[in-house]
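Colleague: Got a structure for you, my_file-v7.cif, holding mmCIF, C-alpha atoms.
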```cif
data_run
#
loop_
_atom_site.label_atom_id
_atom_site.label_comp_id
_atom_site.auth_asym_id
_atom_site.auth_seq_id
_atom_site.Cartn_x
_atom_site.Cartn_y
_atom_site.Cartn_z
CA MET A 1 -26.67 -12.09 -19.00
CA SER A 2 -24.22 -10.29 -21.27
CA ALA A 3 -20.60 -11.26 -21.45
CA GLY A 4 -18.15 -9.11 -19.60
CA LYS A 5 -15.20 -7.31 -21.02
CA LEU A 6 -11.78 -7.64 -19.46
CA LYS A 7 -11.11 -5.02 -16.80
CA ASP A 8 -8.15 -2.78 -17.61
CA TYR A 9 -6.20 -2.90 -14.35
CA TYR A 10 -3.36 -0.86 -15.83
CA LYS A 11 -5.79 1.95 -16.65
CA ILE A 12 -7.35 1.71 -13.18
CA LEU A 13 -3.93 2.30 -11.54
CA GLY A 14 -2.83 4.76 -14.22
CA VAL A 15 0.34 2.85 -15.19
CA GLY A 16 1.67 1.48 -18.45
CA LYS A 17 1.67 -2.22 -19.31
CA ASN A 18 5.46 -2.29 -18.95
CA ALA A 19 5.41 -0.66 -15.51
CA VAL A 20 7.81 -2.19 -12.99
CA LYS A 21 6.65 -3.43 -9.59
CA LYS A 22 7.82 -0.26 -7.81
CA ASP A 23 5.79 2.01 -10.12
CA ILE A 24 2.70 -0.13 -9.62
CA LYS A 25 3.14 -0.02 -5.86
CA ASN A 26 3.61 3.76 -5.81
CA ALA A 27 0.54 4.29 -8.00
CA TYR A 28 -1.53 2.08 -5.71
CA ARG A 29 -0.40 3.93 -2.58
CA LYS A 30 -1.27 7.31 -4.07
CA LEU A 31 -4.73 6.26 -5.22
CA ALA A 32 -5.49 4.27 -2.07
CA ARG A 33 -4.81 7.33 0.08
CA GLU A 34 -7.07 9.47 -2.09
CA TYR A 35 -10.06 7.11 -2.22
CA HIS A 36 -9.83 5.29 1.12
CA PRO A 37 -13.21 5.34 2.95
CA ASP A 38 -11.51 7.04 5.90
CA ALA A 39 -10.49 9.92 3.64
CA LYS A 40 -13.95 10.19 2.07
CA PRO A 41 -16.42 9.01 4.71
CA GLY A 42 -19.89 8.29 3.36
CA ASP A 43 -18.80 8.60 -0.28
CA LYS A 44 -20.07 5.38 -1.89
CA ALA A 45 -18.47 6.18 -5.24
CA ALA A 46 -15.08 6.60 -3.56
CA GLU A 47 -15.60 3.35 -1.67
CA GLU A 48 -16.28 1.46 -4.92
CA ARG A 49 -13.30 3.15 -6.56
CA PHE A 50 -11.10 2.09 -3.61
CA LYS A 51 -12.25 -1.53 -4.00
CA GLU A 52 -11.46 -1.36 -7.71
CA ILE A 53 -7.98 0.04 -7.00
CA ALA A 54 -7.28 -2.65 -4.39
CA GLU A 55 -8.45 -5.34 -6.81
CA ALA A 56 -6.19 -4.03 -9.57
CA TYR A 57 -3.17 -3.93 -7.24
CA GLU A 58 -3.89 -7.43 -5.95
CA VAL A 59 -3.49 -8.72 -9.51
CA LEU A 60 -0.74 -6.48 -10.93
CA GLY A 61 1.26 -6.52 -7.69
CA ASP A 62 1.55 -10.33 -7.82
CA PRO A 63 3.89 -11.54 -10.62
CA LYS A 64 2.01 -14.83 -11.07
CA LYS A 65 -1.44 -13.24 -11.20
CA ARG A 66 -0.16 -10.46 -13.44
CA ALA A 67 1.25 -12.99 -15.92
CA GLU A 68 -2.07 -14.84 -15.97
CA TYR A 69 -3.96 -11.57 -16.46
CA ASN A 70 -1.65 -10.45 -19.30
CA GLN A 71 -2.10 -13.81 -21.01
CA GLN A 72 -5.87 -13.48 -20.89
CA SER A 73 -5.66 -9.87 -22.13
CA GLU A 74 -3.75 -11.01 -25.19
CA PHE A 75 -6.24 -13.81 -25.77
CA VAL A 76 -9.23 -11.48 -25.64
CA ALA A 77 -7.47 -8.82 -27.74
CA ALA A 78 -6.90 -11.46 -30.42
CA GLY A 79 -10.66 -12.06 -30.63
CA GLY A 80 -10.93 -14.99 -28.25
CA PRO A 81 -13.98 -15.26 -26.00
CA ARG A 82 -13.99 -14.99 -22.23
CA MET A 83 -12.80 -18.20 -20.58
CA GLY A 84 -14.49 -18.74 -17.22
CA GLY A 85 -12.70 -19.08 -13.94
CA ALA A 86 -10.31 -16.18 -14.38
CA GLN A 87 -10.22 -14.90 -10.82
CA SER A 88 -7.99 -13.22 -8.28
CA GLY A 89 -8.83 -13.79 -4.64
CA GLY A 90 -12.38 -14.66 -5.60
CA ARG A 91 -12.76 -11.64 -7.92
CA ASP A 92 -13.48 -11.97 -11.63
CA TYR A 93 -11.23 -10.15 -14.07
CA TYR A 94 -14.29 -9.18 -16.11
CA THR A 95 -16.93 -6.45 -15.89
CA ASN A 96 -20.55 -6.90 -16.92
CA ASP A 97 -21.05 -3.91 -19.21
CA ALA A 98 -20.20 -5.42 -22.58
CA GLY A 99 -22.66 -6.77 -25.10
CA GLY A 100 -22.80 -7.63 -28.79
CA PHE A 101 -20.44 -10.34 -29.93
CA GLY A 102 -19.36 -11.34 -26.43
CA ALA A 103 -22.91 -12.17 -25.34
CA VAL A 104 -22.97 -15.11 -27.73
CA PHE A 105 -20.23 -16.80 -25.71
CA GLU A 106 -21.35 -15.96 -22.16
CA ASP A 107 -23.41 -19.06 -21.50
CA LEU A 108 -20.84 -21.31 -23.12
CA PHE A 109 -17.74 -20.09 -21.33
CA GLN A 110 -18.95 -18.72 -18.02
CA ALA A 111 -18.46 -21.91 -16.03
CA ARG A 112 -16.02 -22.00 -13.16
CA PRO A 113 -14.51 -25.08 -11.56
CA GLY A 114 -16.74 -26.66 -8.94
CA ARG A 115 -16.48 -24.96 -5.54
CA ALA A 116 -17.45 -27.96 -3.46
CA GLY A 117 -14.10 -27.70 -1.69
CA PRO A 118 -13.33 -25.03 0.92
CA VAL A 119 -12.30 -21.57 -0.33
CA ARG A 120 -10.18 -19.31 1.87
CA GLY A 121 -11.73 -15.99 2.86
CA ASP A 122 -10.73 -12.65 1.31
CA ASP A 123 -8.11 -10.47 2.96
CA LEU A 124 -8.98 -7.09 4.47
CA ALA A 125 -6.93 -3.88 4.40
CA TYR A 126 -7.06 -1.06 6.94
CA THR A 127 -5.05 2.17 6.83
CA ILE A 128 -3.67 3.73 10.01
CA ARG A 129 -2.30 7.26 9.98
CA LEU A 130 0.57 8.03 12.35
CA GLY A 131 2.47 11.13 13.33
CA PHE A 132 6.18 11.19 12.53
CA ARG A 133 7.15 10.76 16.18
CA GLU A 134 4.62 7.94 16.73
CA ALA A 135 6.16 5.97 13.88
CA PHE A 136 9.63 6.67 15.27
CA THR A 137 8.92 5.49 18.82
CA GLY A 138 6.20 2.90 18.14
CA THR A 139 2.70 2.92 19.59
CA THR A 140 -0.49 0.92 20.12
CA LYS A 141 -3.75 1.64 18.31
CA ARG A 142 -7.23 0.19 18.70
CA ILE A 143 -9.26 -0.03 15.51
CA LYS A 144 -12.68 -1.33 14.54
CA ILE A 145 -13.05 -3.54 11.49
CA HIS A 146 -16.18 -4.81 9.81
CA ARG A 147 -15.96 -8.36 8.55
CA ARG A 148 -17.94 -11.54 8.17
CA LYS A 149 -17.16 -14.25 10.68
CA GLN A 150 -17.95 -17.94 10.56
CA CYS A 151 -21.37 -18.82 11.93
CA ALA A 152 -20.88 -20.62 15.25
CA THR A 153 -24.24 -22.36 14.99
CA CYS A 154 -23.53 -24.29 11.78
CA GLY A 155 -19.73 -24.09 11.77
CA GLY A 156 -19.79 -22.34 8.40
CA SER A 157 -21.61 -25.12 6.55
CA GLY A 158 -24.83 -23.14 6.19
CA ALA A 159 -26.86 -26.20 7.18
CA LYS A 160 -29.22 -26.47 10.14
CA PRO A 161 -27.57 -28.22 13.13
CA GLY A 162 -28.16 -31.93 12.87
CA SER A 163 -28.30 -31.82 9.09
CA THR A 164 -25.62 -31.72 6.42
CA PRO A 165 -25.43 -30.38 2.86
CA THR A 166 -26.32 -33.03 0.30
CA VAL A 167 -24.57 -33.81 -2.96
CA CYS A 168 -26.15 -31.96 -5.87
CA PRO A 169 -28.15 -34.48 -7.91
CA THR A 170 -27.66 -32.54 -11.15
CA CYS A 171 -23.86 -32.39 -11.25
CA GLY A 172 -23.02 -35.18 -8.82
CA GLY A 173 -20.97 -32.83 -6.65
CA ARG A 174 -18.68 -31.58 -9.44
CA GLY A 175 -20.20 -28.09 -9.57
CA VAL A 176 -20.19 -28.10 -13.39
CA ILE A 177 -22.18 -29.80 -16.10
CA ALA A 178 -21.26 -30.65 -19.69
CA GLN A 179 -23.04 -28.96 -22.57
CA ASN A 180 -22.73 -30.12 -26.18
CA GLU A 181 -22.49 -27.37 -28.79
CA GLY A 182 -22.01 -29.03 -32.17
CA PHE A 183 -18.41 -30.17 -32.36
CA PHE A 184 -17.67 -28.81 -28.90
CA SER A 185 -18.35 -30.27 -25.48
CA LEU A 186 -18.10 -27.43 -23.00
CA SER A 187 -18.66 -27.03 -19.28
CA ARG A 188 -20.81 -24.52 -17.43
CA ALA A 189 -21.70 -23.88 -13.83
CA CYS A 190 -24.36 -26.21 -12.51
CA PRO A 191 -27.67 -24.26 -12.44
CA THR A 192 -28.99 -26.29 -9.52
CA CYS A 193 -26.20 -25.70 -6.99
CA GLY A 194 -24.61 -22.62 -8.56
CA GLY A 195 -21.25 -24.35 -8.82
CA GLU A 196 -21.13 -25.39 -5.15
CA GLY A 197 -21.44 -29.13 -5.73
CA THR A 198 -23.76 -29.42 -2.72
CA ILE A 199 -27.22 -28.24 -1.78
CA VAL A 200 -28.31 -27.02 1.66
CA LYS A 201 -31.90 -28.19 2.10
CA ASP A 202 -32.30 -27.30 5.79
CA ARG A 203 -30.73 -23.87 6.19
CA CYS A 204 -29.12 -22.71 9.42
CA PRO A 205 -31.63 -20.45 11.25
CA GLN A 206 -28.80 -18.19 12.50
CA CYS A 207 -27.09 -17.30 9.22
CA GLY A 208 -29.81 -18.22 6.74
CA GLY A 209 -27.56 -20.72 4.98
CA SER A 210 -24.70 -18.35 4.15
CA GLY A 211 -22.38 -19.84 6.78
CA THR A 212 -21.22 -16.39 7.89
CA LEU A 213 -22.44 -13.49 10.02
CA PRO A 214 -21.51 -9.78 10.03
CA GLU A 215 -19.21 -8.67 12.84
CA GLU A 216 -17.73 -5.43 14.14
CA LYS A 217 -14.47 -6.36 15.80
CA THR A 218 -12.06 -4.26 17.86
CA VAL A 219 -8.42 -5.07 17.12
CA THR A 220 -5.39 -3.90 19.09
CA VAL A 221 -2.58 -3.05 16.68
CA ASN A 222 0.98 -2.88 17.99
CA ILE A 223 3.02 -0.52 15.82
CA PRO A 224 6.75 -1.34 16.06
CA ALA A 225 9.26 1.48 16.55
CA GLY A 226 10.77 2.75 13.31
CA ILE A 227 8.00 1.68 10.93
CA ASP A 228 8.17 3.62 7.67
CA ASP A 229 5.49 5.17 5.50
CA GLY A 230 3.77 2.41 3.51
CA GLY A 231 4.78 -0.30 5.99
CA LYS A 232 2.44 -3.28 6.37
CA LEU A 233 1.47 -5.39 9.36
CA LYS A 234 -0.25 -8.75 8.89
CA TYR A 235 -2.77 -10.28 11.29
CA ARG A 236 -3.61 -13.84 10.33
CA GLY A 237 -7.20 -14.98 10.33
CA LEU A 238 -8.78 -11.55 10.87
CA GLY A 239 -10.00 -11.16 7.30
CA GLN A 240 -13.30 -12.35 5.86
CA ALA A 241 -14.59 -15.78 6.87
CA GLY A 242 -13.81 -18.62 4.50
CA HIS A 243 -16.39 -20.30 2.31
CA ARG A 244 -18.14 -23.27 3.88
CA GLY A 245 -15.90 -23.44 6.95
CA ALA A 246 -12.58 -22.73 5.19
CA PRO A 247 -9.93 -20.60 6.97
CA ALA A 248 -10.49 -16.86 7.14
CA GLY A 249 -8.37 -14.39 5.20
CA ASP A 250 -5.86 -12.06 6.80
CA LEU A 251 -6.01 -8.44 7.93
CA TYR A 252 -3.35 -6.10 6.54
CA ILE A 253 -2.62 -2.86 8.36
CA ILE A 254 -1.16 -0.24 6.00
CA VAL A 255 0.71 2.56 7.75
CA GLN A 256 0.72 6.15 6.54
CA VAL A 257 3.24 8.42 8.28
CA GLN A 258 2.62 12.15 8.30
CA PRO A 259 5.59 14.30 7.18
CA HIS A 260 7.57 16.30 9.74
CA PRO A 261 8.33 20.01 9.19
CA LEU A 262 11.98 19.60 10.23
CA PHE A 263 13.03 15.96 9.77
CA LYS A 264 13.04 14.00 6.52
CA ARG A 265 13.39 10.25 6.52
CA GLN A 266 15.18 8.13 3.92
CA GLY A 267 15.30 4.48 4.90
CA GLY A 268 16.80 4.24 8.37
CA ASN A 269 18.43 7.67 8.25
CA ILE A 270 16.93 10.98 9.32
CA HIS A 271 17.97 14.15 7.46
CA LEU A 272 18.07 17.60 9.01
CA GLU A 273 19.07 21.02 7.67
CA LEU A 274 20.72 23.16 10.37
CA PRO A 275 21.43 26.89 10.02
CA LEU A 276 24.88 28.10 11.19
CA LYS A 277 26.12 31.57 11.96
CA PHE A 278 28.89 32.89 9.73
CA THR A 279 31.20 33.10 12.75
CA GLU A 280 30.40 29.52 13.85
CA ALA A 281 31.31 28.19 10.43
CA ALA A 282 34.50 30.26 10.23
CA LEU A 283 35.79 29.76 13.77
CA GLY A 284 34.22 26.42 14.66
CA ALA A 285 31.75 25.78 17.47
CA ALA A 286 29.85 23.20 19.50
CA VAL A 287 26.17 23.58 18.58
CA LYS A 288 22.98 22.03 19.90
CA VAL A 289 21.26 19.81 17.33
CA PRO A 290 17.64 18.59 17.71
CA THR A 291 16.83 14.92 17.12
CA VAL A 292 13.49 13.13 17.09
CA ASP A 293 13.97 12.03 20.71
CA GLY A 294 15.95 14.89 22.26
CA SER A 295 19.04 16.90 21.35
CA VAL A 296 22.78 16.32 21.01
CA LYS A 297 25.94 18.44 20.78
CA LEU A 298 27.65 18.58 17.41
CA LYS A 299 31.23 19.83 16.96
CA ILE A 300 31.56 22.15 13.97
CA PRO A 301 35.22 22.42 12.83
CA PRO A 302 36.69 25.79 11.75
CA GLY A 303 36.24 26.57 8.07
CA THR A 304 33.02 24.56 7.66
CA GLN A 305 31.39 25.22 4.29
CA SER A 306 27.66 25.66 3.63
CA GLY A 307 26.11 22.37 2.48
CA GLN A 308 28.57 20.21 4.41
CA VAL A 309 26.98 17.10 5.98
CA PHE A 310 27.79 15.72 9.42
CA ARG A 311 26.76 12.25 10.59
CA VAL A 312 25.48 11.60 14.11
CA LYS A 313 25.53 7.82 14.52
CA GLY A 314 22.58 5.98 16.03
CA LYS A 315 20.21 8.96 16.03
CA GLY A 316 18.17 7.85 13.03
CA ALA A 317 15.10 5.61 12.91
CA PRO A 318 15.10 2.34 14.94
CA LYS A 319 15.70 -0.76 12.84
CA ALA A 320 13.46 -3.82 12.81
CA LYS A 321 13.83 -6.47 15.52
CA GLY A 322 15.88 -4.18 17.73
CA LEU A 323 18.91 -4.20 15.44
CA GLY A 324 20.13 -0.72 16.35
CA ALA A 325 19.18 2.49 14.55
CA GLY A 326 20.09 4.53 11.52
CA ASP A 327 21.98 7.83 11.63
CA LEU A 328 21.09 11.50 11.76
CA LEU A 329 22.57 13.36 8.78
CA VAL A 330 22.94 17.07 9.50
CA LYS A 331 23.40 19.38 6.51
CA VAL A 332 24.59 22.81 7.61
CA GLN A 333 23.55 26.02 5.90
CA VAL A 334 25.79 29.01 6.65
CA GLU A 335 23.73 32.16 7.03
CA VAL A 336 25.26 35.50 6.10
CA PRO A 337 23.86 38.39 8.15
CA LYS A 338 21.59 40.66 6.12
CA THR A 339 22.22 43.76 8.28
CA LEU A 340 25.20 44.83 10.37
CA ASN A 341 25.45 47.34 13.20
CA PRO A 342 28.33 49.89 13.05
CA ALA A 343 30.69 47.78 15.19
CA GLU A 344 30.04 44.63 13.14
CA HIS A 345 30.51 46.55 9.92
CA GLU A 346 33.89 47.89 11.09
CA LEU A 347 35.02 44.37 12.02
CA MET A 348 34.00 43.00 8.62
CA VAL A 349 35.87 45.78 6.83
CA ARG A 350 38.99 44.99 8.85
CA LEU A 351 38.55 41.29 8.11
CA ALA A 352 38.25 41.99 4.40
CA GLY A 353 41.44 43.98 4.48
CA GLU A 354 43.36 41.30 6.34
CA SER A 355 42.11 38.33 4.32
CA LYS A 356 44.43 37.13 1.53
CA ASP A 357 42.09 34.36 0.38
CA ASP A 358 40.43 34.90 -3.04
CA PRO A 359 37.67 32.30 -3.64
CA ARG A 360 37.28 33.41 -7.29
CA ALA A 361 40.91 32.93 -8.28
CA GLY A 362 40.34 29.43 -9.58
CA VAL A 363 37.27 30.50 -11.56
CA GLU A 364 39.18 33.29 -13.31
CA ALA A 365 42.04 30.91 -14.11
CA MET A 366 39.70 28.38 -15.72
CA ALA A 367 37.91 31.12 -17.66
CA SER A 368 41.14 32.45 -19.16
CA ALA A 369 42.32 28.94 -19.98
CA SER A 370 39.26 28.29 -22.13
#
```
Output the structure of this file as structure tokens.
Modeller:
Amino acid sequence: MSAGKLKDYYKILGVGKNAVKKDIKNAYRKLAREYHPDAKPGDKAAEERFKEIAEAYEVLGDPKKRAEYNQQSEFVAAGGPRMGGAQSGGRDYYTNDAGGFGAVFEDLFQARPGRAGPVRGDDLAYTIRLGFREAFTGTTKRIKIHRRKQCATCGGSGAKPGSTPTVCPTCGGRGVIAQNEGFFSLSRACPTCGGEGTIVKDRCPQCGGSGTLPEEKTVTVNIPAGIDDGGKLKYRGLGQAGHRGAPAGDLYIIVQVQPHPLFKRQGGNIHLELPLKFTEAALGAAVKVPTVDGSVKLKIPPGTQSGQVFRVKGKGAPKAKGLGAGDLLVKVQVEVPKTLNPAEHELMVRLAGESKDDPRAGVEAMASAS
């Protein structure tokens, strides 16, 4: 086996090594949407790419794991060999496509700590796409997930009922063995038990000794009102089964909200651009304004200028835990008529003659002053 080279998680996500957490998160969201199996059904290459992206985000999105990864990167860049056991959620930081110098160290440094103890299962992620209104009002979705569940026959031990795993005679249950290399005494994974610390002699007939079985499970997901794009929901224990009877991982539901042609959301507030007639802006009016869940009347005062913003309280997105709602921010755009009939033209001419207001007076004054 050749030694692996350190995976470049920054390159995988397309961010710099000094990227802040927000940039890493945004890069992950963009790539996850593009390569998610739901977006590219049947595309195995996209599926592997998605797994790689999720793995990179799991490390770089966690400050502790990122610091550990950066430390190992510096060590390897300085010429140090791979040190075994560098993992994130059960995943190795290294690939297996390097050779040459690194291969000399593979057998010496590949050992991981003994895994005789229970290891929690991996988490799962599932993306749900919602319409703008669905996210606003909340909804319920039923999804199917594919996972590995604990084998009920052996309870996850992998051993045939009535029997138990035995302590590995080679490593004495430690999962690692010592190996002398000149001045060095190094550890490597036990070749007999593969680092488990125990050996299953009589395998469970149901799961073949793995301790887990494949499962397609239907999950009812309750989407709370007001959830935003990128929001996450966590379902404990619905991830992959743990190793040797350990607790299962969790299921994370990632929400993608489709954009709306009229409304734009920013936090708890909803933004809307509303066209106004020239006469409504000049004289004032009470106009009908659409909201996500109906319509309201908005009073436009005389002399309203194009671009002015009016706030309609409580007509934004619902807040978490029923703590009210954001506001609707209405930005008015005054529309000047492109064509006039004879009567309208006569009125405008009369208005122009009566008006004493010169909007360019201040501009001319500033120009002459300079």
Colleague: Would you give me, as a tab-separated table, each residue of region 124-200 of chain A having an atom within 10 Å of an atom of region 284-306 of chain A, along with its shortest atom pair and that distance in Å to one decimal, using all atoms listed in the file and sorting by chain and residue number?
Modeller:
```
residue	atom	partner	partner_atom	distance
A:Phe132	CA	A:Val292	CA	8.8
A:Arg133	CA	A:Val292	CA	6.8
A:Phe136	CA	A:Val292	CA	7.7
A:Thr137	CA	A:Asp293	CA	8.5
```
Colleague: Evaluate the PyMOL selection byres ((chain A and resi 307-317) around 6) on the structure here and hand back the selected residues as an MDAnalysis selection string.
Modeller: chainID A and resid 226 268:270 305:306 318 325:333
Colleague: Next, dump the selected residues to file, keeping only C-alpha atoms, as an mmCIF file, in the coordinates of the input.
Modeller:
```
data_model
loop_
_atom_site.group_PDB
_atom_site.id
_atom_site.type_symbol
_atom_site.label_atom_id
_atom_site.label_comp_id
_atom_site.auth_asym_id
_atom_site.auth_seq_id
_atom_site.Cartn_x
_atom_site.Cartn_y
_atom_site.Cartn_z
ATOM 1 C CA GLY A 226 10.770 2.750 13.310
ATOM 2 C CA GLY A 268 16.800 4.240 8.370
ATOM 3 C CA ASN A 269 18.430 7.670 8.250
ATOM 4 C CA ILE A 270 16.930 10.980 9.320
ATOM 5 C CA GLN A 305 31.390 25.220 4.290
ATOM 6 C CA SER A 306 27.660 25.660 3.630
ATOM 7 C CA PRO A 318 15.100 2.340 14.940
ATOM 8 C CA ALA A 325 19.180 2.490 14.550
ATOM 9 C CA GLY A 326 20.090 4.530 11.520
ATOM 10 C CA ASP A 327 21.980 7.830 11.630
ATOM 11 C CA LEU A 328 21.090 11.500 11.760
ATOM 12 C CA LEU A 329 22.570 13.360 8.780
ATOM 13 C CA VAL A 330 22.940 17.070 9.500
ATOM 14 C CA LYS A 331 23.400 19.380 6.510
ATOM 15 C CA VAL A 332 24.590 22.810 7.610
ATOM 16 C CA GLN A 333 23.550 26.020 5.900
#
```
Colleague: Which one is closest to Ala39 (chain A): A:Gly194, A:Glu216, A:Val20, A:Tyr126? Count all atoms listed in the file.
Modeller: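 Using all atoms listed in the file, the shortest distance to Ala39 (chain A) belongs to A:Tyr126.
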Colleague: Please write as a compact mmCIF listing (two decimals) with C-alpha atoms, in the frame of the given file the full residue list that the PyMOL selection byres ((chain A and resi 200) around 8) yields on this file.
Modeller:
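Dumped everything to selection_15.txt:
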```txt
# COMPACT_ATOMS: atom_id res chain seq x y z
CA GLY A 158 -24.83 -23.14 6.19
CA ALA A 159 -26.86 -26.20 7.18
CA THR A 164 -25.62 -31.72 6.42
CA PRO A 165 -25.43 -30.38 2.86
CA THR A 166 -26.32 -33.03 0.30
CA THR A 198 -23.76 -29.42 -2.72
CA ILE A 199 -27.22 -28.24 -1.78
CA LYS A 201 -31.90 -28.19 2.10
CA ASP A 202 -32.30 -27.30 5.79
CA ARG A 203 -30.73 -23.87 6.19
CA GLY A 209 -27.56 -20.72 4.98
```
Colleague: Rounded to one decimal, what separation in Å do you get between CA of Thr279 (chain A) and CA of Glu335 (chain A)?
Modeller: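 Rounded to one decimal, the two atoms are 9.5 Å apart.
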Colleague: Could you give me, as a ChimeraX atom specification, the residues that sit within 12 Å of (-13.7, -12.0, 11.7) in the file's coordinates, counting all atoms listed in the file?
Modeller: /A:121-124,144-152,212-219,235-242,247-251
Colleague: Generate a file of the selected residues that holds C-alpha atoms, formatted as a tab-separated table (two decimals), in the coordinates of the input.
Modeller:
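Writing the result to out_33.tsv gives the following:
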```tsv
chain	number	residue	atom	x	y	z
A	121	GLY	CA	-11.73	-15.99	2.86
A	122	ASP	CA	-10.73	-12.65	1.31
A	123	ASP	CA	-8.11	-10.47	2.96
A	124	LEU	CA	-8.98	-7.09	4.47
A	144	LYS	CA	-12.68	-1.33	14.54
A	145	ILE	CA	-13.05	-3.54	11.49
A	146	HIS	CA	-16.18	-4.81	9.81
A	147	ARG	CA	-15.96	-8.36	8.55
A	148	ARG	CA	-17.94	-11.54	8.17
A	149	LYS	CA	-17.16	-14.25	10.68
A	150	GLN	CA	-17.95	-17.94	10.56
A	151	CYS	CA	-21.37	-18.82	11.93
A	152	ALA	CA	-20.88	-20.62	15.25
A	212	THR	CA	-21.22	-16.39	7.89
A	213	LEU	CA	-22.44	-13.49	10.02
A	214	PRO	CA	-21.51	-9.78	10.03
A	215	GLU	CA	-19.21	-8.67	12.84
A	216	GLU	CA	-17.73	-5.43	14.14
A	217	LYS	CA	-14.47	-6.36	15.80
A	218	THR	CA	-12.06	-4.26	17.86
A	219	VAL	CA	-8.42	-5.07	17.12
A	235	TYR	CA	-2.77	-10.28	11.29
A	236	ARG	CA	-3.61	-13.84	10.33
A	237	GLY	CA	-7.20	-14.98	10.33
A	238	LEU	CA	-8.78	-11.55	10.87
A	239	GLY	CA	-10.00	-11.16	7.30
A	240	GLN	CA	-13.30	-12.35	5.86
A	241	ALA	CA	-14.59	-15.78	6.87
A	242	GLY	CA	-13.81	-18.62	4.50
A	247	PRO	CA	-9.93	-20.60	6.97
A	248	ALA	CA	-10.49	-16.86	7.14
A	249	GLY	CA	-8.37	-14.39	5.20
A	250	ASP	CA	-5.86	-12.06	6.80
A	251	LEU	CA	-6.01	-8.44	7.93
```
Colleague: Quick one: pull the distance between CA of Leu274 (chain A) and CA of His260 (chain A), Å, one decimal.
Modeller: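 Between CA of Leu274 (chain A) and CA of His260 (chain A) the gap is 14.8 Å.
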Colleague: So, with all atoms listed in the file as the atoms that count, which of A:Leu6, A:Cys193, A:Gly231, A:Lys338 lies closest to Tyr69 (chain A)?
Modeller: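 The shortest atom-to-atom distance to Tyr69 (chain A) comes from A:Leu6.
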Colleague: Using the chain letters and numbers from the file, which residues does the PyMOL selection byres ((chain A and resi 34) around 12) grab, as a ChimeraX atom specification?
Modeller: /A:27-33,35-41,43,46-47,49-50,53,127
